[in-house]
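Quick look at my_file.cif (mmCIF, C-alpha atoms and all ligand atoms):
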data_start
loop_
_atom_site.label_atom_id
_atom_site.label_comp_id
_atom_site.auth_asym_id
_atom_site.auth_seq_id
_atom_site.Cartn_x
_atom_site.Cartn_y
_atom_site.Cartn_z
CA MET A 4 104.89 80.55 114.83
CA ALA A 5 105.29 82.23 111.45
CA ASN A 6 107.50 84.81 109.76
CA TYR A 7 105.79 88.10 108.82
CA PHE A 8 107.20 90.79 106.54
CA ILE A 9 105.49 94.17 107.02
CA THR A 10 106.07 97.53 105.32
CA GLY A 11 105.73 101.01 106.84
CA THR A 12 105.99 99.98 110.49
CA ASN A 13 107.33 103.07 112.27
CA ARG A 14 103.86 104.47 113.06
CA GLY A 15 100.12 103.93 112.66
CA LEU A 16 98.75 100.53 111.68
CA GLY A 17 102.16 99.12 110.72
CA LEU A 18 103.58 99.76 114.19
CA GLU A 19 100.50 98.15 115.80
CA PHE A 20 100.84 95.08 113.53
CA VAL A 21 104.43 94.64 114.72
CA SER A 22 103.44 95.11 118.36
CA GLN A 23 100.55 92.60 118.32
CA LEU A 24 102.34 89.95 116.26
CA ALA A 25 105.58 90.21 118.27
CA LYS A 26 103.60 89.90 121.52
CA ARG A 27 102.25 86.52 120.49
CA GLY A 28 105.72 85.31 119.52
CA GLU A 29 105.75 85.63 115.74
CA THR A 30 108.94 86.66 113.96
CA VAL A 31 108.43 90.05 112.32
CA PHE A 32 110.61 91.58 109.65
CA ALA A 33 109.55 95.18 110.16
CA THR A 34 110.47 97.68 107.47
CA CYS A 35 110.46 101.44 107.60
CA ARG A 36 112.01 104.04 105.35
CA ASN A 37 114.05 105.84 107.97
CA LEU A 38 115.12 104.10 111.17
CA GLU A 39 116.22 107.44 112.60
CA ASN A 40 112.53 108.48 112.77
CA ALA A 41 111.39 105.22 114.32
CA SER A 42 111.89 105.50 118.07
CA GLN A 43 108.78 103.45 119.02
CA LEU A 44 109.64 100.73 116.52
CA THR A 45 113.25 100.63 117.66
CA ALA A 46 112.09 100.33 121.29
CA LEU A 47 109.82 97.42 120.29
CA ALA A 48 112.74 95.70 118.57
CA ASN A 49 114.96 96.22 121.63
CA ASP A 50 112.34 94.51 123.82
CA ASN A 51 111.58 91.68 121.37
CA LYS A 52 114.36 89.62 119.80
CA ASN A 53 111.81 88.35 117.26
CA VAL A 54 111.42 91.83 115.71
CA ARG A 55 114.02 92.45 113.00
CA LEU A 56 114.31 95.91 111.52
CA ILE A 57 114.90 96.61 107.85
CA GLU A 58 115.28 100.05 106.30
CA MET A 59 113.30 100.29 103.07
CA ASP A 60 111.61 103.01 101.05
CA VAL A 61 109.00 100.91 99.27
CA ALA A 62 108.72 103.40 96.41
CA ASP A 63 112.42 103.19 95.55
CA ASN A 64 113.73 100.34 93.36
CA VAL A 65 117.23 100.28 94.87
CA SER A 66 115.97 100.53 98.44
CA ARG A 67 113.56 97.63 97.91
CA GLU A 68 116.35 95.43 96.57
CA GLN A 69 118.78 96.41 99.32
CA GLY A 70 116.16 95.94 102.02
CA LEU A 71 115.39 92.42 100.87
CA LYS A 72 119.05 91.46 101.32
CA GLY A 73 118.11 91.48 105.03
CA ILE A 74 115.91 88.40 104.54
CA GLU A 75 118.14 86.33 102.26
CA GLY A 76 117.70 82.65 103.10
CA GLU A 77 114.57 83.29 105.22
CA VAL A 78 111.12 81.83 104.69
CA ILE A 79 108.41 84.49 104.65
CA ASP A 80 104.97 83.14 105.52
CA VAL A 81 102.92 86.33 105.40
CA VAL A 82 103.64 89.62 103.60
CA ILE A 83 101.65 92.64 104.79
CA ASN A 84 101.92 95.51 102.31
CA ASN A 85 100.85 98.28 104.68
CA ALA A 86 102.87 101.40 103.72
CA GLY A 87 100.73 103.98 102.00
CA ILE A 88 100.16 107.69 101.53
CA TYR A 89 97.04 109.81 101.03
CA GLY A 90 98.55 112.59 98.94
CA PRO A 91 97.40 116.20 99.10
CA ARG A 92 94.12 116.64 100.99
CA ASN A 93 92.90 119.33 98.57
CA SER A 94 93.07 117.19 95.44
CA ASN A 95 89.76 118.47 94.04
CA PHE A 96 88.85 118.60 90.36
CA GLY A 97 90.36 121.78 88.94
CA GLY A 98 93.41 121.60 91.19
CA LEU A 99 94.73 118.12 90.39
CA LYS A 100 98.46 117.86 89.74
CA GLY A 101 100.07 115.05 87.79
CA ASP A 102 103.14 114.84 90.00
CA ASP A 103 101.01 114.39 93.13
CA TRP A 104 99.01 111.66 91.42
CA SER A 105 102.13 109.84 90.13
CA ASN A 106 103.67 109.94 93.57
CA VAL A 107 100.64 108.35 95.23
CA LEU A 108 100.33 105.70 92.51
CA GLN A 109 104.03 104.86 92.93
CA THR A 110 103.62 104.25 96.66
CA ASN A 111 100.13 102.75 96.85
CA VAL A 112 99.95 100.65 93.67
CA ILE A 113 103.29 100.13 91.96
CA ALA A 114 105.45 99.66 95.07
CA PRO A 115 103.42 96.87 96.73
CA LEU A 116 103.20 94.90 93.49
CA LEU A 117 106.90 95.29 92.66
CA LEU A 118 107.87 94.42 96.22
CA THR A 119 105.66 91.32 96.12
CA GLN A 120 107.30 90.36 92.83
CA LEU A 121 110.72 90.64 94.46
CA ILE A 122 109.85 88.76 97.64
CA ILE A 123 107.71 86.03 96.10
CA ASP A 124 110.39 83.32 96.09
CA ARG A 125 110.83 83.73 99.87
CA VAL A 126 107.06 83.18 100.25
CA ARG A 127 106.88 80.32 97.74
CA ILE A 128 108.90 78.11 100.10
CA SER A 129 106.41 78.68 102.94
CA ALA A 130 103.46 76.37 103.57
CA ILE A 131 101.29 79.41 104.41
CA LYS A 132 101.88 81.78 101.45
CA LYS A 133 99.66 84.75 102.38
CA LEU A 134 99.94 88.07 100.54
CA ILE A 135 98.05 90.90 102.26
CA PHE A 136 97.47 94.39 100.88
CA LEU A 137 96.14 97.31 102.91
CA THR A 138 93.57 98.98 100.70
CA SER A 139 90.65 101.28 101.53
CA LYS A 140 86.90 101.38 101.24
CA MET A 141 87.59 104.72 99.52
CA GLY A 142 88.78 102.58 96.61
CA SER A 143 85.33 100.98 96.33
CA ILE A 144 83.62 102.48 93.29
CA GLU A 145 80.24 101.17 94.44
CA ASP A 146 80.66 102.74 97.88
CA ASN A 147 81.65 106.17 96.53
CA GLN A 148 78.78 108.47 97.53
CA GLY A 149 80.87 111.52 98.37
CA GLY A 150 83.00 112.14 95.27
CA GLY A 151 86.35 113.92 95.50
CA ALA A 152 89.60 112.35 96.75
CA TYR A 153 90.50 111.52 93.14
CA ILE A 154 94.08 110.62 93.86
CA TYR A 155 93.71 108.40 96.92
CA ARG A 156 90.49 106.73 95.74
CA SER A 157 91.90 105.87 92.32
CA SER A 158 95.14 104.53 93.85
CA LYS A 159 93.27 102.05 96.03
CA SER A 160 90.88 101.05 93.19
CA ALA A 161 93.94 100.37 91.02
CA LEU A 162 95.60 98.40 93.81
CA ASN A 163 92.47 96.27 94.10
CA ALA A 164 92.45 95.60 90.35
CA ALA A 165 96.09 94.53 90.41
CA VAL A 166 95.75 92.31 93.48
CA LYS A 167 92.67 90.64 92.00
CA SER A 168 94.79 89.59 89.01
CA LEU A 169 97.60 88.48 91.31
CA SER A 170 95.19 86.31 93.31
CA ILE A 171 94.04 84.57 90.13
CA ASP A 172 97.52 84.17 88.65
CA LEU A 173 99.04 82.71 91.84
CA LYS A 174 96.10 80.62 93.06
CA SER A 175 97.27 77.37 91.43
CA GLN A 176 100.67 77.88 93.13
CA GLY A 177 99.03 77.87 96.56
CA PHE A 178 99.17 81.61 97.36
CA THR A 179 96.30 83.44 99.04
CA ALA A 180 96.11 87.18 98.27
CA ALA A 181 93.63 89.46 100.00
CA MET A 182 92.84 93.17 100.19
CA LEU A 183 92.01 94.50 103.66
CA HIS A 184 90.27 97.73 104.64
CA PRO A 185 91.39 98.61 108.19
CA GLY A 186 88.29 100.68 109.02
CA TRP A 187 88.48 104.42 109.55
CA VAL A 188 91.31 104.43 112.06
CA ARG A 189 92.76 107.16 114.28
CA THR A 190 96.28 107.43 112.82
CA ASP A 191 98.17 110.28 111.16
CA MET A 192 96.37 109.35 107.94
CA GLY A 193 92.94 108.67 109.42
CA GLY A 194 93.04 111.74 111.68
CA PRO A 195 91.55 112.19 115.18
CA ASN A 196 87.92 111.65 114.10
CA GLY A 197 88.48 108.06 112.97
CA LEU A 198 85.90 105.60 114.29
CA ILE A 199 88.29 103.03 115.79
CA ASP A 200 91.79 102.85 117.30
CA THR A 201 94.75 100.97 115.84
CA LYS A 202 94.42 98.19 118.44
CA THR A 203 90.84 97.34 117.38
CA SER A 204 91.65 97.56 113.68
CA VAL A 205 94.77 95.41 113.85
CA GLN A 206 93.15 92.82 116.15
CA GLY A 207 90.43 92.46 113.52
CA MET A 208 92.84 92.28 110.58
CA VAL A 209 95.11 89.75 112.31
CA SER A 210 92.10 87.54 112.94
CA VAL A 211 91.06 87.87 109.26
CA ILE A 212 94.61 86.98 108.15
CA ASP A 213 94.83 84.02 110.57
CA ASN A 214 91.56 82.59 109.30
CA LEU A 215 91.96 83.44 105.60
CA THR A 216 91.04 80.47 103.39
CA ASP A 217 91.97 79.66 99.79
CA GLU A 218 88.36 80.42 98.83
CA GLN A 219 88.79 84.00 100.10
CA SER A 220 91.74 84.70 97.82
CA GLY A 221 91.00 87.77 95.70
CA GLN A 222 88.45 89.20 98.13
CA PHE A 223 88.17 92.80 99.33
CA LEU A 224 87.55 92.46 103.08
CA ASN A 225 86.76 94.77 105.96
CA TYR A 226 88.80 94.45 109.18
CA ASP A 227 85.87 92.49 110.66
CA GLY A 228 85.92 89.99 107.78
CA GLN A 229 82.88 91.34 105.89
CA VAL A 230 83.19 91.41 102.09
CA ILE A 231 83.26 94.98 100.67
CA PRO A 232 81.67 95.64 97.24
CA TRP A 233 84.08 96.65 94.48
N1 LIG A 301 93.95 105.16 108.85
C1 LIG A 301 92.88 104.88 108.12
O1 LIG A 301 91.74 105.29 108.46
C2 LIG A 301 93.01 104.05 106.87
C3 LIG A 301 91.83 103.75 106.16
C4 LIG A 301 91.92 102.97 105.02
C5 LIG A 301 93.14 102.49 104.59
N2 LIG A 301 94.28 102.80 105.26
C6 LIG A 301 95.54 102.26 104.76
O2 LIG A 301 96.24 101.61 105.79
C7 LIG A 301 97.68 101.71 105.56
C8 LIG A 301 98.36 102.28 106.81
O3 LIG A 301 97.76 103.53 107.08
P1 LIG A 301 97.99 104.36 108.44
O4 LIG A 301 96.68 104.91 108.82
O5 LIG A 301 98.77 103.56 109.40
O6 LIG A 301 98.87 105.56 107.85
P2 LIG A 301 100.00 106.48 108.55
O7 LIG A 301 99.75 106.58 110.00
O8 LIG A 301 100.05 107.71 107.72
O9 LIG A 301 101.34 105.60 108.32
C9 LIG A 301 101.76 105.33 107.03
C10 LIG A 301 103.00 104.48 107.10
O10 LIG A 301 103.42 104.19 105.75
C11 LIG A 301 104.80 104.55 105.65
N3 LIG A 301 105.19 104.92 104.28
C12 LIG A 301 104.61 105.80 103.45
N4 LIG A 301 105.31 105.87 102.31
C13 LIG A 301 106.36 105.00 102.43
C14 LIG A 301 107.44 104.63 101.62
N5 LIG A 301 107.62 105.16 100.40
N6 LIG A 301 108.31 103.69 102.06
C15 LIG A 301 108.15 103.14 103.27
N7 LIG A 301 107.16 103.47 104.13
C16 LIG A 301 106.28 104.39 103.70
C17 LIG A 301 104.97 105.72 106.61
O11 LIG A 301 106.36 105.92 106.88
P3 LIG A 301 106.99 107.42 107.17
O12 LIG A 301 106.80 107.68 108.62
O13 LIG A 301 108.41 107.26 106.75
O14 LIG A 301 106.22 108.38 106.32
C18 LIG A 301 104.17 105.19 107.79
O15 LIG A 301 104.92 104.25 108.51
C19 LIG A 301 97.83 102.58 104.31
O16 LIG A 301 98.02 101.76 103.18
C20 LIG A 301 96.49 103.31 104.23
O17 LIG A 301 96.18 103.71 102.90
C21 LIG A 301 94.25 103.57 106.40
#
Could you render the structure from this file as structure tokens?
Ligand SMILES: NC(=O)c1ccc[n+]([C@@H]2O[C@H](COP(=O)([O-])OP(=O)(O)OC[C@H]3O[C@@H](n4cnc5c(N)ncnc54)[C@H](OP(=O)(O)O)[C@@H]3O)[C@@H](O)[C@H]2O)c1
Amino acid sequence: MANYFITGTNRGLGLEFVSQLAKRGETVFATCRNLENASQLTALANDNKNVRLIEMDVADNVSREQGLKGIEGEVIDVVINNAGIYGPRNSNFGGLKGDDWSNVLQTNVIAPLLLTQLIIDRVRISAIKKLIFLTSKMGSIEDNQGGGAYIYRSSKSALNAAVKSLSIDLKSQGFTAAMLHPGWVRTDMGGPNGLIDTKTSVQGMVSVIDNLTDEQSGQFLNYDGQVIPW
């Protein structure tokens, strides 16, 4: 059994990660930015002693540092940087706003890297050392046939660029870093027309994480394990 640290777990894919991993007996440090808005997560933690809740706004420096006090002395085997935002849906050329863009970059790019930087010594002492980042196929430049979505697309492309560097820099220290696309999933972000449910997506991603090899470090992978073009 391993120790998982997961961000943004009060709903959507994060909540499903906690549910599936807790069910098979893993210890899960489940973070969310406001425990008062986390009734399903709190219920999961009440039913599973191996789910430990941590309040953390990933985009806030102080909150990240305070949240990590909750894992002092713990070994973290797998970090899943899941928390993310889409930003305004109408971010078309002509109506782009710098503040909206900065906000999305803070949450989707800067926060996961700074959090990983803060937590890395807890992971270094693990034999497993897996760093997982939830990205999106919308960040694939090659796959972009539809245009638009400037803010979200560019945030996930930037995340991929940063994680690629991280995978190279930390490879000799035994870390495996991978970028996972969850599929188009029916969550608040994915909307009701998504192609798959959270259960299918997370089952796939957990299997990819379980089977991730050193050779796959730095890869951009679909929830079914297929490599996605940059
Ligand atoms: N759903 C899809 O089709 C899809 C496709 C590709 C990639 N993804 C990626 O998968 C990840 C999860 O997406 P989802 O569909 O589960 O989205 P979701 O249903 O909108 O949930 C997003 C989660 O992230 C949390 N979050 C956002 N900003 C945060 C912050 N500053 N601090 C802490 N938590 C924060 C939210 O917490 P609050 O409740 O506090 O807002 C929520 O728990 C994201 O990185 C997303 O970009 C999703």
What residues of the protein or nucleic acid chains come within 7 Å of ligand LIG 301 (chain A) when you use only C-alpha atoms and all ligand atoms? Reply as a ChimeraX atom specification.
/A:10-17,35-37,59-62,85-89,110-111,137-140,184-193,197
Using all atoms listed in the file, I'd like a table of the residues in stretch 120-176 of chain A that come within 8 Å of stretch 65-76 of chain A; for each, show the closest atom pair and its distance in Å rounded to one decimal, ordered by chain and ascending number, as a tab-separated table.
residue	atom	partner	partner_atom	distance
A:Leu121	CA	A:Glu68	CA	7.7
A:Ile122	CA	A:Leu71	CA	7.4
A:Arg125	CA	A:Gly76	CA	7.7
With only C-alpha atoms as the counted atoms, please give the residues lying no more than 10 Å from stretch 127-134 of chain A, apart from itself and same-chain residues fewer than 4 positions off, as a tab-separated table (two decimals) with C-alpha atoms, in the coordinates of the input.
chain	number	residue	atom	x	y	z
A	5	ALA	CA	105.29	82.23	111.45
A	6	ASN	CA	107.50	84.81	109.76
A	7	TYR	CA	105.79	88.10	108.82
A	8	PHE	CA	107.20	90.79	106.54
A	77	GLU	CA	114.57	83.29	105.22
A	78	VAL	CA	111.12	81.83	104.69
A	79	ILE	CA	108.41	84.49	104.65
A	80	ASP	CA	104.97	83.14	105.52
A	81	VAL	CA	102.92	86.33	105.40
A	82	VAL	CA	103.64	89.62	103.60
A	83	ILE	CA	101.65	92.64	104.79
A	84	ASN	CA	101.92	95.51	102.31
A	119	THR	CA	105.66	91.32	96.12
A	122	ILE	CA	109.85	88.76	97.64
A	123	ILE	CA	107.71	86.03	96.10
A	166	VAL	CA	95.75	92.31	93.48
A	169	LEU	CA	97.60	88.48	91.31
A	170	SER	CA	95.19	86.31	93.31
A	176	GLN	CA	100.67	77.88	93.13
A	177	GLY	CA	99.03	77.87	96.56
A	178	PHE	CA	99.17	81.61	97.36
A	179	THR	CA	96.30	83.44	99.04
A	180	ALA	CA	96.11	87.18	98.27
A	181	ALA	CA	93.63	89.46	100.00
A	182	MET	CA	92.84	93.17	100.19
A	212	ILE	CA	94.61	86.98	108.15
A	213	ASP	CA	94.83	84.02	110.57
A	215	LEU	CA	91.96	83.44	105.60
A	216	THR	CA	91.04	80.47	103.39
A	217	ASP	CA	91.97	79.66	99.79
A	220	SER	CA	91.74	84.70	97.82
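If you measure from each of A:Lys174, A:Lys159, A:Lys100, A:Lys26 to A:Gly221 using all atoms listed in the file, the closest one turns out to be A:Lys174.
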Point (78.5, 97.1, 94.0), cut-off 8 Å, counting only C-alpha atoms, residues as a list in words
Ile144, Glu145, Asp146, Pro232 and Trp233 of chain A
Please produce an output containing C-alpha atoms for each residue in the selection, written as a compact mmCIF listing (two decimals), in the frame of the given file.
# COMPACT_ATOMS: atom_id res chain seq x y z
CA ILE A 144 83.62 102.48 93.29
CA GLU A 145 80.24 101.17 94.44
CA ASP A 146 80.66 102.74 97.88
CA PRO A 232 81.67 95.64 97.24
CA TRP A 233 84.08 96.65 94.48
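Take atom CA of A:Val209 and atom CA of A:Met4: the distance between them is 13.7 Å.
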So what do you get for atom CA of A:Leu116 versus atom CA of A:Leu162, distance-wise?
8.4 Å
Which residues are near A:Ala25? Cut-off 8 Å, all atoms listed in the file, ignore same chain within fewer than 5 positions. Put them as a PyMOL selection string.
chain A and resi 30-31+51+53-54
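Of note, atom CA of A:Gly142 and atom CA of A:Ile154 are spaced 10.0 Å apart.
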Name all residues at most 7 Å from stretch 90-93 of chain A (count all atoms listed in the file; drop same-chain ones fewer than 2 positions away) and give them as a PyMOL selection string.
chain A and resi 88+95+103+107+155
Could you dump the residues just selected with C-alpha atoms as a PDB file, in the coordinates of the input?
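This went into selection_26.pdb:
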ATOM      1  CA  ILE A  88     100.160 107.690 101.530  1.00  0.00           C
ATOM      2  CA  ASN A  95      89.760 118.470  94.040  1.00  0.00           C
ATOM      3  CA  ASP A 103     101.010 114.390  93.130  1.00  0.00           C
ATOM      4  CA  VAL A 107     100.640 108.350  95.230  1.00  0.00           C
ATOM      5  CA  TYR A 155      93.710 108.400  96.920  1.00  0.00           C
TER       6      TYR A 155
END
Could stretch 130-148 of chain A be completed with N, CA and C atoms and written as an mmCIF file, keeping the file's coordinate frame, please?
data_model
loop_
_atom_site.group_PDB
_atom_site.id
_atom_site.type_symbol
_atom_site.label_atom_id
_atom_site.label_comp_id
_atom_site.auth_asym_id
_atom_site.auth_seq_id
_atom_site.Cartn_x
_atom_site.Cartn_y
_atom_site.Cartn_z
ATOM 1 N N ALA A 130 104.692 77.160 103.726
ATOM 2 C CA ALA A 130 103.460 76.370 103.570
ATOM 3 C C ALA A 130 102.241 77.284 103.660
ATOM 4 N N ILE A 131 102.435 78.513 104.130
ATOM 5 C CA ILE A 131 101.290 79.410 104.410
ATOM 6 C C ILE A 131 100.972 80.338 103.224
ATOM 7 N N LYS A 132 101.991 81.005 102.716
ATOM 8 C CA LYS A 132 101.880 81.780 101.450
ATOM 9 C C LYS A 132 100.727 82.792 101.422
ATOM 10 N N LYS A 133 100.723 83.736 102.378
ATOM 11 C CA LYS A 133 99.660 84.750 102.380
ATOM 12 C C LYS A 133 100.220 86.111 101.971
ATOM 13 N N LEU A 134 99.535 86.749 101.032
ATOM 14 C CA LEU A 134 99.940 88.070 100.540
ATOM 15 C C LEU A 134 98.809 89.043 100.872
ATOM 16 N N ILE A 135 99.090 89.993 101.762
ATOM 17 C CA ILE A 135 98.050 90.900 102.260
ATOM 18 C C ILE A 135 98.356 92.328 101.795
ATOM 19 N N PHE A 136 97.320 93.021 101.384
ATOM 20 C CA PHE A 136 97.470 94.390 100.880
ATOM 21 C C PHE A 136 96.482 95.288 101.626
ATOM 22 N N LEU A 137 97.006 96.356 102.249
ATOM 23 C CA LEU A 137 96.140 97.310 102.910
ATOM 24 C C LEU A 137 95.558 98.237 101.853
ATOM 25 N N THR A 138 94.245 98.136 101.669
ATOM 26 C CA THR A 138 93.570 98.980 100.700
ATOM 27 C C THR A 138 92.640 99.903 101.475
ATOM 28 N N SER A 139 91.602 100.411 100.840
ATOM 29 C CA SER A 139 90.650 101.280 101.530
ATOM 30 C C SER A 139 89.287 101.168 100.886
ATOM 31 N N LYS A 140 88.273 101.323 101.735
ATOM 32 C CA LYS A 140 86.900 101.380 101.240
ATOM 33 C C LYS A 140 86.740 102.585 100.294
ATOM 34 N N MET A 141 87.636 103.579 100.448
ATOM 35 C CA MET A 141 87.590 104.720 99.520
ATOM 36 C C MET A 141 87.924 104.301 98.101
ATOM 37 N N GLY A 142 88.504 103.118 97.948
ATOM 38 C CA GLY A 142 88.780 102.580 96.610
ATOM 39 C C GLY A 142 87.596 101.816 96.037
ATOM 40 N N SER A 143 86.535 101.662 96.834
ATOM 41 C CA SER A 143 85.330 100.980 96.330
ATOM 42 C C SER A 143 84.544 101.954 95.465
ATOM 43 N N ILE A 144 84.363 101.608 94.212
ATOM 44 C CA ILE A 144 83.620 102.480 93.290
ATOM 45 C C ILE A 144 82.137 102.474 93.667
ATOM 46 N N GLU A 145 81.649 101.289 94.061
ATOM 47 C CA GLU A 145 80.240 101.170 94.440
ATOM 48 C C GLU A 145 79.923 101.996 95.687
ATOM 49 N N ASP A 146 80.884 102.072 96.598
ATOM 50 C CA ASP A 146 80.660 102.740 97.880
ATOM 51 C C ASP A 146 80.845 104.266 97.790
ATOM 52 N N ASN A 147 81.318 104.739 96.638
ATOM 53 C CA ASN A 147 81.650 106.170 96.530
ATOM 54 C C ASN A 147 80.381 107.019 96.398
ATOM 55 N N GLN A 148 79.969 107.598 97.522
ATOM 56 C CA GLN A 148 78.780 108.470 97.530
ATOM 57 C C GLN A 148 79.209 109.934 97.636
#
